[in-house]
Each structure stands twice: as C-alpha cells, then as structure tokens.
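Accompanying notes for the structure given below.
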Amino acid sequence: MGPKSEPGPTLFRTFFPATIAVACLANLVILLIRLYFTVHHSDLFETSGTEGVGIYAVWKAKNGYPLYEWPDSGAFAMSIFNYLLYTMDGFLLRVFHIADNHVPSMARLITFAFAVGGVFAHRAVVRQIMPKALCNRAVSITAWLLIVSMWIGRSSVSWWTLTVRPDIPALALDVIGLLFLIRSMEGKSIINTLTASVLFYLAWSMKQSFVLTISISCLFLLVSRRYRETLWLCVPFAAMCAVTLVIGGPVFRRNMLYMPTLAPFGLRSGLVNLATWVVFNPIFWMPACFLPWAWRGVAGRITPGQAQPRFDDRRRLMLIVMLAAISLPLSFVASCRVGANYNYFFVPLVHLTTLSI
C-alpha cells in the first residue's frame, strides 16, 4: 500500500519524532543550566525537599560517623532511606578525597551518572522487546530521543536527576535488572535470572520501596508457569533483603521501615500527584494507549522475507504490559502519602515509555 493511502500514520510518524526531538533539545538545555549551577553554586540551593537529610547522611558516611541513629534522639538524626546510596556516595567521596564543602555537588553528580546509565539500560530493554520487523533507523532515533527525554526531562524526572536521593539510582538498577530478566527468557541459562535478582536487591538497597518490578515479574513468571525461574529470581532477593535487615540492627530497621509509615495517607495528595504526572507527561504514556493497534499493524509491516514475531517477542512485550498495568495503580496508592510527590510514578513511567516506543 503506498504512502498516499496512509495519511494518518504517515503524519503521526513525522509529527511524533519531531515533537520528541524538540522536547529532548529543550530538556538538554535545561539540564546544562542545572548542571552549571550544581557544579558552581551547589551551596546556594536544595534540589528537593528532603535533600538536606541525604547530604547529611552522605557526609556522615564519608567521615566515619554512624549512618543511622535513633530518629527521636535529636535534630537531623533520621535517615529514612536504605543504606546503599549513602554508603556508596560516602565511600567514593572519601576515596577521591573530596572536601566536605563539595559533598553536595559531587553527590548530585553521582546521581546524574546513574541517570546516564539508566538511559543506556533502558535503550537495551527496548531493543530486547522490539519486534525485528520494526527495527529501523527512524524507530531507533525516536527511541533514543524519547528515552533521553524521560531520564533528564523537566516534566518527567525534574530535579531528581540531580539530587542526593536514591530515586534515580534505584530506578537505573531496577531497569538493568529488568534487562537481565528479559535476556533470561531467551534461553535456559540461570545466570541472567540470578543477576537480575541481585540487581533488584541493589535497587531495594538504594530505596526500600523499589519492590514493584521484581514482585510483578515474579507474578508474571508464575502465570507463565516458569516456576524454576520464579524461585531463582525471588528466593535470592528475599534472602539478601532478610540478611540486610538482620545485620542492620534495630536502629537501621526503625529508620528505614518504621519512620516512613508515620506519614498519613490522603486521597487528595495522590490525585494531585497523579494529575501532575498525567498532564505534564503525555508524550511518555499516551502512545502506549495505542499498543493493541500498533501490534496488530506489525503483521502488515512484515515483508514475505521477514520472520513473523516470535512467541518470545510477545512474551517479553506482555511482561512490560503487566509491569505498566499493575505498577501504575500501586504507585498511585503509594503517592497518596501526605508529603509524597510524583516521583512515586517513576517505575510505571519507565514501562509506559517502553511501550510508547
């Protein structure tokens, strides 16, 4: 069928990449401005409401002070997130002899490095699930533009890309874990599944709320009757989490598990966060709504010499669909906590962006 008979799809294939390119360029400009102020004027501002707590925790880890204290023992005693970001940042800053007054700027740049890694991991995930019939230069460029826009975007992740918080590092490790899990579907090797389990644990070690991807993935494997892979994914993760909680001790558990529960839930908070995320991020979630029609159209794009989509292609795609469909309402519930923000939607944002491509 010639291009003249497809004005709608042709217009969409032209308009959508152009829109993404403009958005990506604008976000890159904003990012460069923010990077400049992060490097040269980091002591003049906070990048998020709770960043001060994270900077102080990193400073304590860097200088050998106890990372976790009883939260009610005095001012600034609480460290509400898991241990890995604080200890990793503190270790790196100590090894490279970073002065205390440069802790905020250098710790923010470490977070940014995880965002860059997340871009490449996310692109690799898209490459794994993309039907071979759709792999061409135009799709590849659009994928890169959309993924970069998501990981650095003003509306999508905003200052979280440059803040001393574990959200972006945990998200990047979560995506890398998903990449290894998808690769494990290609063969019978269990190494990829074990690697995915370790990476999901590292994401949890950054921020304890990052359990959605591994939980939904285990559910998907159970529904697919892949019981062996489910055990190899779930059991090591659960064991490592349990050991961490035991070794961490009561002070660690009180900071990380009990203190976050003190914030009450409010439906208004969740609705505001959801509305903000939906209104300002349509390019990341709206195209995913057309997935059934897009997948049906794959067959029409295949020439006689090309292979039909394999069962593994559909299975990997269904994993992402399940991750997006279940993580979105659960993220909404979590965002109903008073004081929460739309960073709770980062996990479904990644999966919906993948489907949009």
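Numbering starts fresh at 1 for the residues of each chain in the structure tokens, the chains themselves are lettered A, B, ... in the order given, and ligands are numbered from 1 as they appear.
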Quick one: which segment 271-293 of chain A residues come within 9 Å of segment 148-161 of chain A, and what is the nearest atom pair for each with the distance in Å to one decimal, counting only C-alpha atoms, rows ordered by chain and ascending number, as CSV?
residue,atom,partner,partner_atom,distance
A:Thr276,CA,A:Ser155,CA,9.0
A:Trp277,CA,A:Ser156,CA,7.5
A:Phe280,CA,A:Ser155,CA,5.7
A:Asn281,CA,A:Ser156,CA,6.2
A:Phe284,CA,A:Met150,CA,7.4
Writing out the chosen residues with N, CA, C and O atoms as an mmCIF file, in the first residue's frame:
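Below you can see again.cif, which holds the result:
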data_model
loop_
_atom_site.group_PDB
_atom_site.id
_atom_site.type_symbol
_atom_site.label_atom_id
_atom_site.label_comp_id
_atom_site.auth_asym_id
_atom_site.auth_seq_id
_atom_site.Cartn_x
_atom_site.Cartn_y
_atom_site.Cartn_z
ATOM 1 N N THR A 276 -0.721 15.748 38.116
ATOM 2 C CA THR A 276 0.512 16.421 37.685
ATOM 3 C C THR A 276 1.294 15.546 36.725
ATOM 4 O O THR A 276 1.781 16.003 35.682
ATOM 5 N N TRP A 277 1.410 14.270 37.064
ATOM 6 C CA TRP A 277 2.175 13.342 36.229
ATOM 7 C C TRP A 277 1.498 13.128 34.870
ATOM 8 O O TRP A 277 2.164 13.124 33.834
ATOM 9 N N PHE A 280 1.552 16.565 32.548
ATOM 10 C CA PHE A 280 2.837 17.055 32.067
ATOM 11 C C PHE A 280 3.682 15.996 31.354
ATOM 12 O O PHE A 280 4.786 16.305 30.900
ATOM 13 N N ASN A 281 3.185 14.767 31.235
ATOM 14 C CA ASN A 281 3.983 13.710 30.602
ATOM 15 C C ASN A 281 3.219 12.936 29.529
ATOM 16 O O ASN A 281 3.356 11.710 29.437
ATOM 17 N N PHE A 284 5.022 10.437 27.048
ATOM 18 C CA PHE A 284 5.575 9.190 27.559
ATOM 19 C C PHE A 284 4.529 8.102 27.760
ATOM 20 O O PHE A 284 4.856 6.919 27.710
#
Q: Find the residues near Trp232 of chain A: any atom within 8 Å, counting only C-alpha atoms, skip ones fewer than 2 places away on the same chain, and give them as a ChimeraX atom specification.
A: /A:190,193-194,197,228-230,234-236
| task | Would you please work out which residue, of A:Val126, A:Leu267, A:Val103, A:Ala21, is nearest to Asp43 of chain A when using only C-alpha atoms? | result |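 Looking at the shortest contact to Asp43 of chain A, the residue is A:Val103.
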Which residues come within 10 Å of Pro17 of chain A, counting only C-alpha atoms, excluding same-chain residues fewer than 6 positions away, as a PyMOL selection string?
chain A and resi 23+138-139+141-143+145-146
Same residues, all heavy atoms, saved as an mmCIF file, in the first residue's frame:
data_model
loop_
_atom_site.group_PDB
_atom_site.id
_atom_site.type_symbol
_atom_site.label_atom_id
_atom_site.label_comp_id
_atom_site.auth_asym_id
_atom_site.auth_seq_id
_atom_site.Cartn_x
_atom_site.Cartn_y
_atom_site.Cartn_z
ATOM 1 N N ALA A 23 11.335 18.461 22.318
ATOM 2 C CA ALA A 23 11.306 18.285 23.769
ATOM 3 C C ALA A 23 12.669 17.868 24.307
ATOM 4 O O ALA A 23 13.122 18.354 25.352
ATOM 5 C CB ALA A 23 10.245 17.248 24.143
ATOM 6 N N ALA A 138 14.718 5.133 11.800
ATOM 7 C CA ALA A 138 13.775 6.121 12.315
ATOM 8 C C ALA A 138 13.270 5.733 13.697
ATOM 9 O O ALA A 138 13.185 6.570 14.611
ATOM 10 C CB ALA A 138 12.605 6.277 11.353
ATOM 11 N N VAL A 139 12.934 4.459 13.880
ATOM 12 C CA VAL A 139 12.461 3.982 15.184
ATOM 13 C C VAL A 139 13.570 4.082 16.221
ATOM 14 O O VAL A 139 13.341 4.467 17.374
ATOM 15 C CB VAL A 139 11.953 2.532 15.063
ATOM 16 C CG1 VAL A 139 11.650 1.957 16.440
ATOM 17 C CG2 VAL A 139 10.707 2.474 14.189
ATOM 18 N N ILE A 141 16.114 6.205 16.309
ATOM 19 C CA ILE A 141 16.323 7.606 16.690
ATOM 20 C C ILE A 141 15.214 8.085 17.613
ATOM 21 O O ILE A 141 15.456 8.756 18.626
ATOM 22 C CB ILE A 141 16.405 8.485 15.423
ATOM 23 C CG1 ILE A 141 17.676 8.162 14.635
ATOM 24 C CG2 ILE A 141 16.380 9.967 15.803
ATOM 25 C CD1 ILE A 141 17.772 8.878 13.305
ATOM 26 N N THR A 142 13.964 7.732 17.268
ATOM 27 C CA THR A 142 12.834 8.113 18.119
ATOM 28 C C THR A 142 12.968 7.514 19.509
ATOM 29 O O THR A 142 12.685 8.177 20.521
ATOM 30 C CB THR A 142 11.510 7.663 17.477
ATOM 31 O OG1 THR A 142 11.395 8.218 16.165
ATOM 32 C CG2 THR A 142 10.325 8.102 18.316
ATOM 33 N N ALA A 143 13.424 6.261 19.575
ATOM 34 C CA ALA A 143 13.609 5.603 20.863
ATOM 35 C C ALA A 143 14.640 6.342 21.710
ATOM 36 O O ALA A 143 14.419 6.605 22.903
ATOM 37 C CB ALA A 143 14.034 4.153 20.650
ATOM 38 N N LEU A 145 15.576 9.482 21.483
ATOM 39 C CA LEU A 145 15.069 10.800 21.866
ATOM 40 C C LEU A 145 14.077 10.694 23.019
ATOM 41 O O LEU A 145 14.126 11.488 23.976
ATOM 42 C CB LEU A 145 14.403 11.472 20.664
ATOM 43 C CG LEU A 145 15.325 11.909 19.525
ATOM 44 C CD1 LEU A 145 14.508 12.383 18.329
ATOM 45 C CD2 LEU A 145 16.273 13.008 19.984
ATOM 46 N N LEU A 146 13.170 9.723 22.935
ATOM 47 C CA LEU A 146 12.154 9.587 23.976
ATOM 48 C C LEU A 146 12.778 9.139 25.297
ATOM 49 O O LEU A 146 12.419 9.643 26.370
ATOM 50 C CB LEU A 146 11.086 8.586 23.532
ATOM 51 C CG LEU A 146 9.805 8.560 24.379
ATOM 52 C CD1 LEU A 146 9.097 9.905 24.311
ATOM 53 C CD2 LEU A 146 8.871 7.452 23.920
#
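Distances here use only C-alpha atoms; by that measure, the residue among A:Leu84, A:Leu274, A:Val125, A:Ala334 closest to Thr244 of chain A is A:Leu84.
Between atom CA of Tyr36 of chain A and atom CA of Arg108 of chain A the interatomic distance comes to 11.9 Å.
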task: Might you pull out every residue within 8 Å of Cys218 of chain A, with only C-alpha atoms counted and same-chain residues fewer than 3 positions away left off, and present them as a ChimeraX atom specification?
output: /A:214-215,221-222,230,233-234
- [ ] Please provide as a list in words all residues within 10 Å of segment 248-257 of chain A, with the sequence filter that same-chain residues fewer than 3 positions apart are discarded (counting only C-alpha atoms).
- [x]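 My list of contacting residues is Leu67, Tyr68, Glu69, Trp70, Pro71, Asp72, Ala77, Met78, Ser79, Ile80, Phe81, Asn82, Tyr83, Lys207, Gln208, Ser209, Ala242, Val243, Thr244, Leu245, Pro260 and Thr261 of chain A.
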* Asked: A:Phe76, A:Tyr65, A:Phe220, A:Trp59: which is nearest Met106 of chain A, counting only C-alpha atoms?
  ->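 Looking at the shortest contact to Met106 of chain A, the residue is A:Trp59.
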